[in-house]
>>> print(open('final17.cif').read())   # mmCIF, C-alpha atoms
data_input
loop_
_atom_site.label_atom_id
_atom_site.label_comp_id
_atom_site.auth_asym_id
_atom_site.auth_seq_id
_atom_site.Cartn_x
_atom_site.Cartn_y
_atom_site.Cartn_z
CA MET A 1446 -37.03 69.46 -0.39
CA ILE A 1447 -38.16 70.14 3.19
CA VAL A 1448 -41.02 72.62 3.71
CA ASP A 1449 -42.86 73.72 6.84
CA ALA A 1450 -46.54 72.75 6.88
CA ALA A 1451 -47.80 76.32 7.22
CA GLU A 1452 -45.66 77.46 4.30
CA LEU A 1453 -46.85 74.60 2.12
CA GLN A 1454 -50.50 75.11 3.04
CA ALA A 1455 -50.36 78.84 2.24
CA PHE A 1456 -48.74 78.03 -1.13
CA ALA A 1457 -51.43 75.46 -1.95
CA MET A 1458 -54.20 77.89 -1.00
CA GLN A 1459 -52.72 80.54 -3.31
CA LEU A 1460 -52.73 78.12 -6.23
CA PHE A 1461 -56.39 77.29 -5.75
CA THR A 1462 -57.58 80.88 -5.28
CA ALA A 1463 -55.58 81.85 -8.38
CA ARG A 1464 -57.66 79.34 -10.34
CA GLY A 1465 -60.93 80.88 -9.16
CA LEU A 1466 -61.85 78.96 -6.01
CA PRO A 1467 -63.46 80.82 -3.09
CA GLN A 1468 -61.00 81.33 -0.24
CA ASP A 1469 -62.87 79.07 2.21
CA ASP A 1470 -62.85 76.20 -0.28
CA ALA A 1471 -59.20 76.78 -1.16
CA GLU A 1472 -58.27 76.77 2.53
CA LEU A 1473 -60.07 73.47 3.16
CA ILE A 1474 -58.53 71.69 0.17
CA ALA A 1475 -55.06 72.96 1.09
CA GLU A 1476 -55.54 71.88 4.71
CA VAL A 1477 -56.60 68.35 3.76
CA LEU A 1478 -53.73 67.93 1.28
CA VAL A 1479 -51.09 69.13 3.73
CA TRP A 1480 -52.67 67.07 6.53
CA ALA A 1481 -52.07 64.01 4.36
CA ASN A 1482 -48.42 65.02 3.88
CA LEU A 1483 -48.04 65.59 7.61
CA ARG A 1484 -49.28 62.06 8.31
CA GLY A 1485 -46.90 60.53 5.77
CA VAL A 1486 -49.62 59.86 3.19
CA ASP A 1487 -47.74 61.78 0.51
CA SER A 1488 -49.71 59.95 -2.18
CA HIS A 1489 -52.71 62.10 -1.23
CA GLY A 1490 -50.84 65.30 -0.45
CA VAL A 1491 -49.74 68.24 -2.55
CA LEU A 1492 -48.54 66.02 -5.40
CA ARG A 1493 -52.23 65.99 -6.36
CA ILE A 1494 -52.32 69.75 -7.01
CA PRO A 1495 -51.19 69.74 -10.68
CA GLY A 1496 -53.87 67.20 -11.55
CA TYR A 1497 -56.52 69.13 -9.64
CA LEU A 1498 -55.67 72.37 -11.43
CA ALA A 1499 -55.63 70.60 -14.81
CA ARG A 1500 -59.19 69.42 -14.14
CA VAL A 1501 -60.26 72.97 -13.42
CA GLY A 1502 -58.88 73.89 -16.83
CA ASN A 1503 -60.75 71.13 -18.69
CA GLY A 1504 -64.01 71.60 -16.81
CA GLN A 1505 -64.01 68.38 -14.83
CA ASN A 1506 -63.55 70.26 -11.54
CA ASN A 1507 -65.97 73.13 -10.96
CA PRO A 1508 -64.26 75.87 -8.90
CA ARG A 1509 -67.56 77.53 -7.97
CA PRO A 1510 -70.16 74.74 -7.84
CA ASP A 1511 -73.83 74.99 -6.98
CA ILE A 1512 -73.81 72.45 -4.13
CA ARG A 1513 -77.32 71.67 -2.91
CA VAL A 1514 -79.29 69.09 -0.95
CA VAL A 1515 -81.67 67.35 -3.34
CA THR A 1516 -83.07 64.77 -0.90
CA ASP A 1517 -83.59 65.48 2.78
CA ALA A 1518 -84.87 62.78 5.15
CA PRO A 1519 -84.68 62.68 8.97
CA ALA A 1520 -81.53 60.52 9.02
CA ALA A 1521 -80.21 60.88 5.49
CA ALA A 1522 -79.63 63.31 2.67
CA VAL A 1523 -78.35 63.43 -0.89
CA LEU A 1524 -75.97 66.25 -1.76
CA HIS A 1525 -75.61 67.16 -5.43
CA ALA A 1526 -72.04 68.45 -5.65
CA ASP A 1527 -72.02 69.87 -9.20
CA ARG A 1528 -68.43 68.65 -9.83
CA ALA A 1529 -67.14 70.37 -6.70
CA PHE A 1530 -63.71 69.53 -5.38
CA GLY A 1531 -64.17 66.35 -3.37
CA GLN A 1532 -62.85 67.84 -0.14
CA VAL A 1533 -65.40 70.64 -0.34
CA ALA A 1534 -68.31 68.30 -1.04
CA LEU A 1535 -67.23 65.80 1.59
CA GLY A 1536 -66.77 68.55 4.18
CA ARG A 1537 -70.39 69.58 3.72
CA ALA A 1538 -71.64 66.00 3.64
CA THR A 1539 -69.81 65.16 6.87
CA ALA A 1540 -71.36 68.17 8.63
CA ILE A 1541 -74.81 67.07 7.44
CA ALA A 1542 -74.23 63.46 8.59
CA ILE A 1543 -73.09 64.62 12.05
CA ALA A 1544 -76.08 66.94 12.41
CA LYS A 1545 -78.52 64.21 11.42
CA ALA A 1546 -76.85 61.72 13.77
CA SER A 1547 -77.32 64.20 16.62
CA ASN A 1548 -81.06 64.11 15.94
CA ALA A 1549 -81.64 60.53 14.82
CA GLY A 1550 -78.73 58.57 16.32
CA ILE A 1551 -77.30 57.85 12.90
CA GLY A 1552 -76.87 60.15 9.93
CA ALA A 1553 -75.88 59.54 6.33
CA CYS A 1554 -75.20 61.91 3.49
CA PHE A 1555 -74.70 60.66 -0.05
CA ILE A 1556 -72.63 62.77 -2.45
CA ARG A 1557 -73.52 62.82 -6.12
CA GLU A 1558 -71.10 64.02 -8.80
CA THR A 1559 -68.00 65.23 -7.03
CA THR A 1560 -64.30 64.75 -7.82
CA HIS A 1561 -61.27 63.31 -6.02
CA MET A 1562 -61.88 63.51 -2.27
CA GLY A 1563 -58.28 63.05 -1.14
CA ALA A 1564 -57.45 61.71 2.32
CA ILE A 1565 -60.97 60.86 3.48
CA GLY A 1566 -59.75 59.93 6.96
CA PHE A 1567 -59.63 63.68 7.67
CA PHE A 1568 -63.44 63.72 7.56
CA ALA A 1569 -64.01 60.45 9.41
CA LEU A 1570 -61.99 62.01 12.24
CA GLN A 1571 -64.37 64.96 12.34
CA ALA A 1572 -67.10 62.58 13.44
CA ALA A 1573 -64.77 61.06 16.05
CA ALA A 1574 -64.01 64.56 17.35
CA ALA A 1575 -67.76 64.99 17.88
CA GLY A 1576 -67.87 61.81 19.98
CA MET A 1577 -69.25 59.75 17.11
CA ALA A 1578 -68.09 56.96 14.86
CA GLY A 1579 -67.40 58.14 11.33
CA ILE A 1580 -67.47 56.11 8.11
CA VAL A 1581 -66.63 57.53 4.69
CA ILE A 1582 -66.52 55.69 1.38
CA GLY A 1583 -65.85 56.85 -2.15
CA ALA A 1584 -66.57 55.52 -5.63
CA SER A 1585 -65.05 56.57 -8.93
CA ARG A 1586 -64.68 55.69 -12.59
CA PRO A 1587 -62.72 52.47 -13.23
CA ASN A 1588 -58.96 52.82 -12.88
CA MET A 1589 -58.14 49.43 -11.30
CA ILE A 1590 -57.94 45.92 -12.74
CA TYR A 1591 -61.03 43.76 -12.31
CA PRO A 1592 -59.88 40.35 -10.99
CA GLY A 1593 -59.25 38.09 -13.96
CA ALA A 1594 -59.38 40.93 -16.52
CA ARG A 1595 -56.64 42.87 -18.35
CA ARG A 1596 -58.28 46.28 -18.32
CA PRO A 1597 -59.81 48.54 -15.65
CA GLY A 1598 -63.18 47.45 -14.37
CA LEU A 1599 -63.19 48.87 -10.84
CA ALA A 1600 -62.09 51.99 -9.00
CA THR A 1601 -59.46 52.16 -6.26
CA SER A 1602 -62.37 53.18 -4.05
CA PRO A 1603 -61.38 54.04 -0.45
CA ILE A 1604 -62.98 53.59 2.95
CA ALA A 1605 -62.17 55.38 6.21
CA VAL A 1606 -63.51 54.54 9.66
CA ALA A 1607 -62.74 56.50 12.83
CA VAL A 1608 -63.86 56.04 16.43
CA PRO A 1609 -63.08 58.18 19.48
CA GLY A 1610 -60.74 57.14 22.25
CA ALA A 1611 -60.48 58.54 25.76
CA VAL A 1612 -56.78 59.00 26.55
CA HIS A 1613 -55.70 57.26 23.36
CA ALA A 1614 -56.05 59.14 20.08
CA PRO A 1615 -59.00 58.09 17.90
CA LEU A 1616 -58.53 54.86 16.02
CA MET A 1617 -58.66 55.63 12.30
CA LEU A 1618 -58.44 53.28 9.33
CA ASP A 1619 -58.09 54.92 5.91
CA MET A 1620 -57.40 52.56 3.03
CA ALA A 1621 -57.92 52.10 -0.68
CA SER A 1622 -59.42 48.92 -2.08
CA ALA A 1623 -56.28 48.69 -4.24
CA THR A 1624 -53.01 47.03 -3.29
CA ALA A 1625 -51.53 50.52 -3.72
CA SER A 1626 -53.39 53.67 -4.65
CA VAL A 1627 -52.84 55.63 -7.86
CA GLY A 1628 -51.23 58.30 -5.70
CA LYS A 1629 -48.68 55.88 -4.27
CA ILE A 1630 -47.71 54.83 -7.76
CA ALA A 1631 -47.39 58.50 -8.77
CA LEU A 1632 -45.27 59.13 -5.67
CA ALA A 1633 -42.91 56.29 -6.63
CA ARG A 1634 -42.69 57.80 -10.12
CA ASP A 1635 -41.86 61.23 -8.68
CA ALA A 1636 -39.23 59.77 -6.37
CA GLY A 1637 -37.72 57.43 -8.98
CA LEU A 1638 -38.45 54.37 -6.84
CA PRO A 1639 -39.61 50.87 -7.86
CA LEU A 1640 -43.09 49.63 -7.02
CA GLY A 1641 -43.81 46.76 -4.68
CA GLU A 1642 -44.50 43.35 -6.17
CA GLY A 1643 -48.09 43.01 -7.28
CA TRP A 1644 -48.97 46.71 -7.02
CA ALA A 1645 -49.74 47.31 -10.68
CA VAL A 1646 -49.78 46.05 -14.25
CA ASP A 1647 -48.63 47.77 -17.44
CA ALA A 1648 -50.80 48.79 -20.39
CA ASP A 1649 -50.77 45.19 -21.65
CA GLY A 1650 -51.99 43.83 -18.31
CA GLN A 1651 -48.59 42.40 -17.36
CA PRO A 1652 -47.28 42.79 -13.78
CA THR A 1653 -44.56 45.43 -13.38
CA THR A 1654 -42.52 47.06 -10.62
CA ASP A 1655 -41.41 49.89 -12.92
CA ALA A 1656 -43.37 52.98 -11.84
CA SER A 1657 -42.87 54.59 -15.25
CA ARG A 1658 -44.57 51.62 -16.96
CA ALA A 1659 -47.28 51.02 -14.37
CA ALA A 1660 -50.67 51.76 -15.90
CA ILE A 1661 -53.31 50.06 -13.76
CA PRO A 1662 -53.34 49.28 -9.99
CA THR A 1663 -54.40 45.86 -8.74
CA PRO A 1664 -57.15 45.19 -6.16
CA LEU A 1665 -56.08 44.48 -2.59
CA GLY A 1666 -56.30 40.74 -1.97
CA GLY A 1667 -57.64 40.08 -5.46
CA HIS A 1668 -61.36 39.34 -5.29
CA LYS A 1669 -61.59 40.75 -1.74
CA GLY A 1670 -60.47 44.26 -2.64
CA GLY A 1671 -62.31 43.99 -5.92
CA GLY A 1672 -65.51 42.99 -4.14
CA LEU A 1673 -65.23 45.98 -1.80
CA ALA A 1674 -64.77 48.38 -4.70
CA LEU A 1675 -67.72 46.86 -6.54
CA MET A 1676 -70.01 47.19 -3.51
CA PHE A 1677 -68.90 50.79 -2.95
CA GLU A 1678 -70.12 51.52 -6.48
CA CYS A 1679 -73.46 49.95 -5.53
CA LEU A 1680 -73.71 51.93 -2.27
CA ALA A 1681 -72.34 55.32 -3.30
CA SER A 1682 -73.11 55.58 -7.03
CA LEU A 1683 -76.13 53.47 -7.90
CA VAL A 1684 -78.13 54.69 -4.89
CA VAL A 1685 -77.91 58.28 -6.15
CA GLY A 1686 -78.50 57.39 -9.79
CA ASN A 1687 -75.02 58.28 -10.98
CA PRO A 1688 -73.37 55.04 -12.13
CA LEU A 1689 -69.70 55.34 -13.00
CA ILE A 1690 -68.35 51.83 -13.65
CA ALA A 1691 -70.75 50.40 -16.25
CA PRO A 1692 -70.95 53.56 -18.44
CA PHE A 1693 -67.17 53.76 -18.59
CA ILE A 1694 -66.78 50.11 -19.61
CA GLU A 1695 -69.57 50.49 -22.17
CA GLY A 1696 -67.79 53.51 -23.63
CA ALA A 1697 -70.59 56.01 -23.04
CA PRO A 1698 -69.50 59.61 -23.74
CA ASP A 1699 -69.78 60.70 -20.12
CA GLY A 1700 -67.97 57.60 -18.87
CA THR A 1701 -64.56 59.18 -19.32
CA ARG A 1702 -65.27 62.17 -17.10
CA HIS A 1703 -63.42 62.27 -13.81
CA MET A 1704 -66.35 62.06 -11.44
CA GLN A 1705 -66.82 60.49 -8.06
CA ASN A 1706 -69.63 59.78 -5.65
CA GLY A 1707 -69.36 59.38 -1.91
CA LEU A 1708 -71.07 58.55 1.34
CA ALA A 1709 -70.47 59.98 4.82
CA ILE A 1710 -72.01 58.25 7.83
CA ALA A 1711 -71.95 59.34 11.47
CA VAL A 1712 -73.11 57.24 14.42
CA ASP A 1713 -73.91 59.09 17.65
CA ILE A 1714 -72.52 56.63 20.19
CA ALA A 1715 -74.23 58.45 23.06
CA ARG A 1716 -77.61 57.29 21.69
CA PHE A 1717 -76.64 53.67 22.26
CA GLY A 1718 -74.67 53.84 25.49
CA ASP A 1719 -72.27 55.94 27.54
CA VAL A 1720 -69.79 57.53 25.12
CA GLU A 1721 -67.15 57.87 27.85
CA VAL A 1722 -67.39 54.15 28.63
CA TYR A 1723 -67.16 53.43 24.90
CA ALA A 1724 -64.06 55.61 24.50
CA GLY A 1725 -62.49 53.90 27.51
CA GLU A 1726 -63.11 50.51 25.90
CA VAL A 1727 -61.47 51.77 22.69
CA ASP A 1728 -58.41 52.66 24.80
CA ARG A 1729 -58.51 49.26 26.47
CA LEU A 1730 -58.73 47.47 23.13
CA ALA A 1731 -55.79 49.40 21.71
CA GLU A 1732 -53.59 48.84 24.74
CA THR A 1733 -54.54 45.15 25.07
CA LEU A 1734 -53.53 44.48 21.47
CA LYS A 1735 -50.11 45.90 22.26
CA THR A 1736 -49.57 43.21 24.91
CA LEU A 1737 -49.72 40.41 22.33
CA PRO A 1738 -46.45 38.52 21.76
CA ARG A 1739 -44.60 40.28 18.94
CA ALA A 1740 -43.45 38.57 15.77
CA GLU A 1741 -39.76 38.46 15.02
CA GLY A 1742 -38.41 41.84 13.97
CA VAL A 1743 -41.43 43.78 15.30
CA ASP A 1744 -40.55 46.40 17.90
CA GLU A 1745 -44.10 47.51 18.65
CA ILE A 1746 -47.63 46.52 17.71
CA LEU A 1747 -49.52 49.49 16.27
CA VAL A 1748 -53.24 50.14 15.93
CA PRO A 1749 -54.93 52.01 13.05
CA GLY A 1750 -53.97 55.67 12.94
CA GLU A 1751 -50.99 55.42 15.28
CA ARG A 1752 -48.31 55.44 12.60
CA GLY A 1753 -49.81 58.55 11.00
CA ASP A 1754 -50.17 60.29 14.37
CA ARG A 1755 -46.47 59.82 15.06
CA ILE A 1756 -45.38 60.97 11.61
CA LEU A 1757 -47.60 64.03 11.99
CA GLU A 1758 -45.89 64.92 15.25
CA ALA A 1759 -42.45 64.48 13.70
CA ARG A 1760 -43.19 66.38 10.49
CA THR A 1761 -44.86 69.21 12.36
CA GLU A 1762 -41.52 69.69 14.08
CA SER A 1763 -39.07 68.87 11.28
CA GLY A 1764 -41.00 69.80 8.13
CA ILE A 1765 -42.54 67.92 5.21
CA PRO A 1766 -40.21 66.23 2.69
CA LEU A 1767 -41.26 66.51 -0.96
CA ALA A 1768 -39.89 64.34 -3.76
CA SER A 1769 -37.94 66.20 -6.43
CA GLY A 1770 -40.46 65.17 -9.08
CA THR A 1771 -43.32 66.58 -7.01
CA TRP A 1772 -41.41 69.85 -6.49
CA LYS A 1773 -40.78 70.12 -10.24
CA ARG A 1774 -44.43 69.60 -11.13
CA LEU A 1775 -45.56 72.12 -8.50
CA ARG A 1776 -43.15 74.69 -9.93
CA GLU A 1777 -44.55 74.09 -13.42
CA VAL A 1778 -48.07 75.05 -12.29
CA ALA A 1779 -47.01 77.86 -9.93
CA GLU A 1780 -44.80 79.86 -12.31
CA PRO A 1781 -47.48 80.63 -14.94
CA LEU A 1782 -49.71 81.88 -12.11
CA GLY A 1783 -46.97 84.13 -10.74
CA ILE A 1784 -46.89 82.32 -7.41
CA ALA A 1785 -43.57 81.87 -5.63
CA MET A 1786 -42.55 78.40 -4.52
CA PRO A 1787 -42.66 77.70 -0.77
CA GLN A 1788 -39.67 78.71 1.29
CA LEU A 1789 -37.46 75.68 1.84
CA ARG A 1790 -36.57 74.80 5.40
CA GLN A 1791 -32.93 75.40 6.26
CA ALA A 1792 -30.97 72.28 7.11
#
>>> encode(input="final17.cif", output="structure tokens")
Amino acid sequence: MIVDAAELQAFAMQLFTARGLPQDDAELIAEVLVWANLRGVDSHGVLRIPGYLARVGNGQNNPRPDIRVVTDAPAAAVLHADRAFGQVALGRATAIAIAKASNAGIGACFIRETTHMGAIGFFALQAAAAGMAGIVIGASRPNMIYPGARRPGLATSPIAVAVPGAVHAPLMLDMASATASVGKIALARDAGLPLGEGWAVDADGQPTTDASRAAIPTPLGGHKGGGLALMFECLASLVVGNPLIAPFIEGAPDGTRHMQNGLAIAVDIARFGDVEVYAGEVDRLAETLKTLPRAEGVDEILVPGERGDRILEARTESGIPLASGTWKRLREVAEPLGIAMPQLRQA
């Protein structure tokens, strides 16, 4: 199924407004989801919509939250998100972090009690577009194996870092602390494809490459990815008094709720040196890496963000491919709302 980005984004926005979201919020969520699809990160694209809408229905996602700043310091703030969609909360937090960095040189905004934030690189790039370095991290309830255990004890918590280039596009790293995110496993399930070795275990804690049996992702690099996820819980959740990991493991009633916390940081590079010189050095670093001798079978050495930039350019022109399973699940949520499926692109 091939769909133009604009068609898919309009469809997504309709779904969210039909479930009670304000138009501005619906537009932002739809934009971030389709941006992920455009960059080839289909695991964080529109396949997430059925789950998002289900969480509106069960109260875990608040379509009209009372988002407010509860702590306001010169270089930092805490944003209480009231179960807002993660993209909405993170959009506000990023704007606050950038504004505070403009005044103090560095700005941080913690997010308390939000939900899935999606492709967080979208927001790290907003800082880069402002001539700053952007860092975003997320923390969630446990859905990933703790190293050495047979049940979830960590979240597949992500981190994104973006820095501006001059001629070169911004460098942007956006990664989960898991070997493969929950979304990538869901994408393999939708497409009827096997998982990579070591991506996940089944309900009994046994390794599996069968996407239909995969129950729990594994941490990237074992204790390394697990350590990152654990420290993200310390930085994003414990700081704002909203622990997610321990209550879930202990079986507390609120431990099963789908909540997340987050942290957006912006660094105003101009406060520490010439931002144009910095951006030029980013370009130099990227281009110098490409001169390294290539390993066998490698046509080109890529830097963070480059693969996604190229897929975005191609999909903007040729359309976004959706797996048949994703299309089916989108139809199942659209039809009861009386919303027509997106127009398919003609071959």
>>> atom_distance(input="final17.cif", atom1="CA of His1489 in chain A", atom2="CA of Ala1785 in chain A")
22.2 Å
>>> atom_distance(input="final17.cif", atom1="CA of Leu1570 in chain A", atom2="CA of Thr1539 in chain A")
10.0 Å
>>> resolve_selection(input="final17.cif", expression="the PyMOL selection byres ((chain A and resi 1454-1461) around 10)", output="PyMOL selection string")
chain A and resi 1448-1453+1462-1480+1491+1494-1495+1497-1498+1501+1508+1775+1778-1779+1782-1788
>>> atom_distance(input="final17.cif", atom1="CA of Arg1658 in chain A", atom2="CA of Gly1670 in chain A")
22.6 Å
>>> residues_around(input="final17.cif", residues="Pro1688 in chain A", least_positions_apart="2", cutoff="10 Å", atoms="all atoms listed in the file", output="PDB file with C-alpha atoms, keeping the file's coordinate frame")
ATOM      1  CA  ARG A1557     -73.520  62.820  -6.120  1.00  0.00           C
ATOM      2  CA  GLU A1558     -71.100  64.020  -8.800  1.00  0.00           C
ATOM      3  CA  ALA A1584     -66.570  55.520  -5.630  1.00  0.00           C
ATOM      4  CA  SER A1585     -65.050  56.570  -8.930  1.00  0.00           C
ATOM      5  CA  ARG A1586     -64.680  55.690 -12.590  1.00  0.00           C
ATOM      6  CA  GLU A1678     -70.120  51.520  -6.480  1.00  0.00           C
ATOM      7  CA  CYS A1679     -73.460  49.950  -5.530  1.00  0.00           C
ATOM      8  CA  ALA A1681     -72.340  55.320  -3.300  1.00  0.00           C
ATOM      9  CA  SER A1682     -73.110  55.580  -7.030  1.00  0.00           C
ATOM     10  CA  LEU A1683     -76.130  53.470  -7.900  1.00  0.00           C
ATOM     11  CA  VAL A1684     -78.130  54.690  -4.890  1.00  0.00           C
ATOM     12  CA  VAL A1685     -77.910  58.280  -6.150  1.00  0.00           C
ATOM     13  CA  GLY A1686     -78.500  57.390  -9.790  1.00  0.00           C
ATOM     14  CA  ILE A1690     -68.350  51.830 -13.650  1.00  0.00           C
ATOM     15  CA  ALA A1691     -70.750  50.400 -16.250  1.00  0.00           C
ATOM     16  CA  PRO A1692     -70.950  53.560 -18.440  1.00  0.00           C
ATOM     17  CA  PHE A1693     -67.170  53.760 -18.590  1.00  0.00           C
ATOM     18  CA  GLY A1700     -67.970  57.600 -18.870  1.00  0.00           C
ATOM     19  CA  MET A1704     -66.350  62.060 -11.440  1.00  0.00           C
ATOM     20  CA  GLN A1705     -66.820  60.490  -8.060  1.00  0.00           C
ATOM     21  CA  ASN A1706     -69.630  59.780  -5.650  1.00  0.00           C
TER      22      ASN A1706
END
>>> resolve_selection(input="final17.cif", expression="the PyMOL selection byres ((chain A and resi 1446) around 12)", output="JSON, numbers by chain")
{"A": [1447, 1448, 1449, 1453, 1636, 1763, 1764, 1765, 1766, 1767, 1768, 1769, 1770, 1771, 1772, 1773, 1786, 1787, 1788, 1789, 1790, 1791, 1792]}
>>> closest_residue(input="final17.cif", among="A:Leu1665, A:Ala1526, A:Ala1574, A:Ala1553", to="Leu1708 in chain A", atoms="only C-alpha atoms")
A:Ala1553
>>> closest_atom_pairs(input="final17.cif", of="range 1608-1726 of chain A", to="range 1590-1603 of chain A", cutoff="6 Å", atoms="all atoms listed in the file", output="tab-separated table")
residue	atom	partner	partner_atom	distance
A:Met1620	CA	A:Pro1603	CA	5.5
A:Ala1621	CA	A:Pro1603	CA	4.0
A:Ser1622	CA	A:Thr1601	CA	5.3
A:Ala1623	CA	A:Thr1601	CA	5.1
A:Gly1650	CA	A:Arg1595	CA	4.7
A:Thr1663	CA	A:Ile1590	CA	5.3
A:Gly1667	CA	A:Pro1592	CA	6.0
A:His1668	CA	A:Pro1592	CA	6.0
A:Ala1674	CA	A:Ser1602	CA	5.4
>>> resolve_selection(input="final17.cif", expression="the PyMOL selection byres ((chain A and resi 1554) around 8)", output="list in words")
Ala1521, Ala1522, Val1523, Leu1524, Ala1538, Thr1539, Ile1541, Ala1542, Gly1552, Ala1553, Phe1555, Ile1556, Leu1708, Ala1709 and Ile1710 of chain A
>>> closest_residue(input="final17.cif", among="A:Gly1671, A:Gly1707, A:Leu1757, A:Met1676", to="Ala1534 in chain A", atoms="all atoms listed in the file")
A:Gly1707
>>> residues_near_point(input="final17.cif", point="(-57.2, 55.2, 7.3)", cutoff="12 Å", atoms="only C-alpha atoms", output="ChimeraX atom specification")
/A:1481,1484-1486,1489,1563-1570,1579-1582,1603-1608,1615-1622,1748-1754
>>> closest_residue(input="final17.cif", among="A:Pro1738, A:Gly1576, A:Pro1639, A:Pro1652", to="Val1720 in chain A", atoms="only C-alpha atoms")
A:Gly1576
>>> closest_residue(input="final17.cif", among="A:Ala1520, A:Ala1575, A:Ala1625, A:Ile1746", to="Thr1733 in chain A", atoms="all atoms listed in the file")
A:Ile1746
>>> residues_around(input="final17.cif", residues="Glu1732 in chain A", least_positions_apart="4", cutoff="10 Å", atoms="only C-alpha atoms", output="list in words")
His1613, Glu1726, Val1727, Asp1728, Thr1736, Leu1737, Ile1746, Leu1747 and Val1748 of chain A
>>> residues_near_point(input="final17.cif", point="(-71.5, 55.2, 19.1)", cutoff="10 Å", atoms="all atoms listed in the file", output="PyMOL selection string")
chain A and resi 1546+1550-1551+1573+1576-1579+1608-1609+1711-1720+1723-1724
>>> closest_residue(input="final17.cif", among="A:Glu1721, A:Glu1758, A:Asp1647, A:Glu1780", to="Asn1482 in chain A", atoms="all atoms listed in the file")
A:Glu1758
>>> axis_aligned_box(input="final17.cif", around="range 1485-1494 of chain A", padding_each_side="8 Å", output="JSON")
{"center_x": -49.8, "center_y": 64.8, "center_z": -0.6, "size_x": 21.8, "size_y": 25.9, "size_z": 28.8}
>>> closest_residue(input="final17.cif", among="A:Ala1659, A:Lys1735, A:Gly1583, A:Thr1624", to="Leu1675 in chain A", atoms="all atoms listed in the file")
A:Gly1583
>>> decode(input="final17.cif", residues="range 1590-1605 of chain A", atoms="N, CA and C atoms", output="compact mmCIF listing (two decimals), in the first residue's frame")
# COMPACT_ATOMS: atom_id res chain seq x y z
N ILE A 1590 13.37 -6.99 28.81
CA ILE A 1590 14.06 -7.90 29.73
C ILE A 1590 15.17 -7.18 30.50
N TYR A 1591 15.23 -7.42 31.80
CA TYR A 1591 16.39 -6.98 32.57
C TYR A 1591 17.47 -8.05 32.39
N PRO A 1592 18.73 -7.65 32.11
CA PRO A 1592 19.77 -8.64 31.88
C PRO A 1592 19.85 -9.68 32.99
N GLY A 1593 19.74 -10.94 32.60
CA GLY A 1593 19.79 -12.03 33.55
C GLY A 1593 18.44 -12.47 34.06
N ALA A 1594 17.38 -11.71 33.74
CA ALA A 1594 16.04 -12.04 34.22
C ALA A 1594 15.20 -12.67 33.10
N ARG A 1595 14.01 -13.15 33.45
CA ARG A 1595 13.10 -13.75 32.46
C ARG A 1595 11.81 -12.96 32.32
N ARG A 1596 11.75 -11.80 32.94
CA ARG A 1596 10.56 -10.97 32.84
C ARG A 1596 10.99 -9.51 32.70
N PRO A 1597 10.08 -8.64 32.26
CA PRO A 1597 10.46 -7.24 32.06
C PRO A 1597 10.91 -6.58 33.36
N GLY A 1598 11.96 -5.81 33.25
CA GLY A 1598 12.45 -5.06 34.40
C GLY A 1598 12.98 -3.70 34.00
N LEU A 1599 12.91 -3.40 32.70
CA LEU A 1599 13.37 -2.12 32.15
C LEU A 1599 12.41 -1.70 31.05
N ALA A 1600 12.54 -0.46 30.63
CA ALA A 1600 11.81 0.02 29.46
C ALA A 1600 12.75 0.13 28.27
N THR A 1601 12.18 0.09 27.08
CA THR A 1601 12.99 0.28 25.86
C THR A 1601 13.24 1.77 25.65
N SER A 1602 13.68 2.42 26.71
CA SER A 1602 13.77 3.88 26.75
C SER A 1602 14.71 4.43 25.69
N PRO A 1603 14.26 5.46 24.93
CA PRO A 1603 15.07 5.99 23.83
C PRO A 1603 15.87 7.22 24.22
N ILE A 1604 16.85 7.53 23.37
CA ILE A 1604 17.59 8.79 23.45
C ILE A 1604 17.79 9.31 22.03
N ALA A 1605 17.67 10.62 21.88
CA ALA A 1605 17.96 11.27 20.60
C ALA A 1605 18.88 12.46 20.86
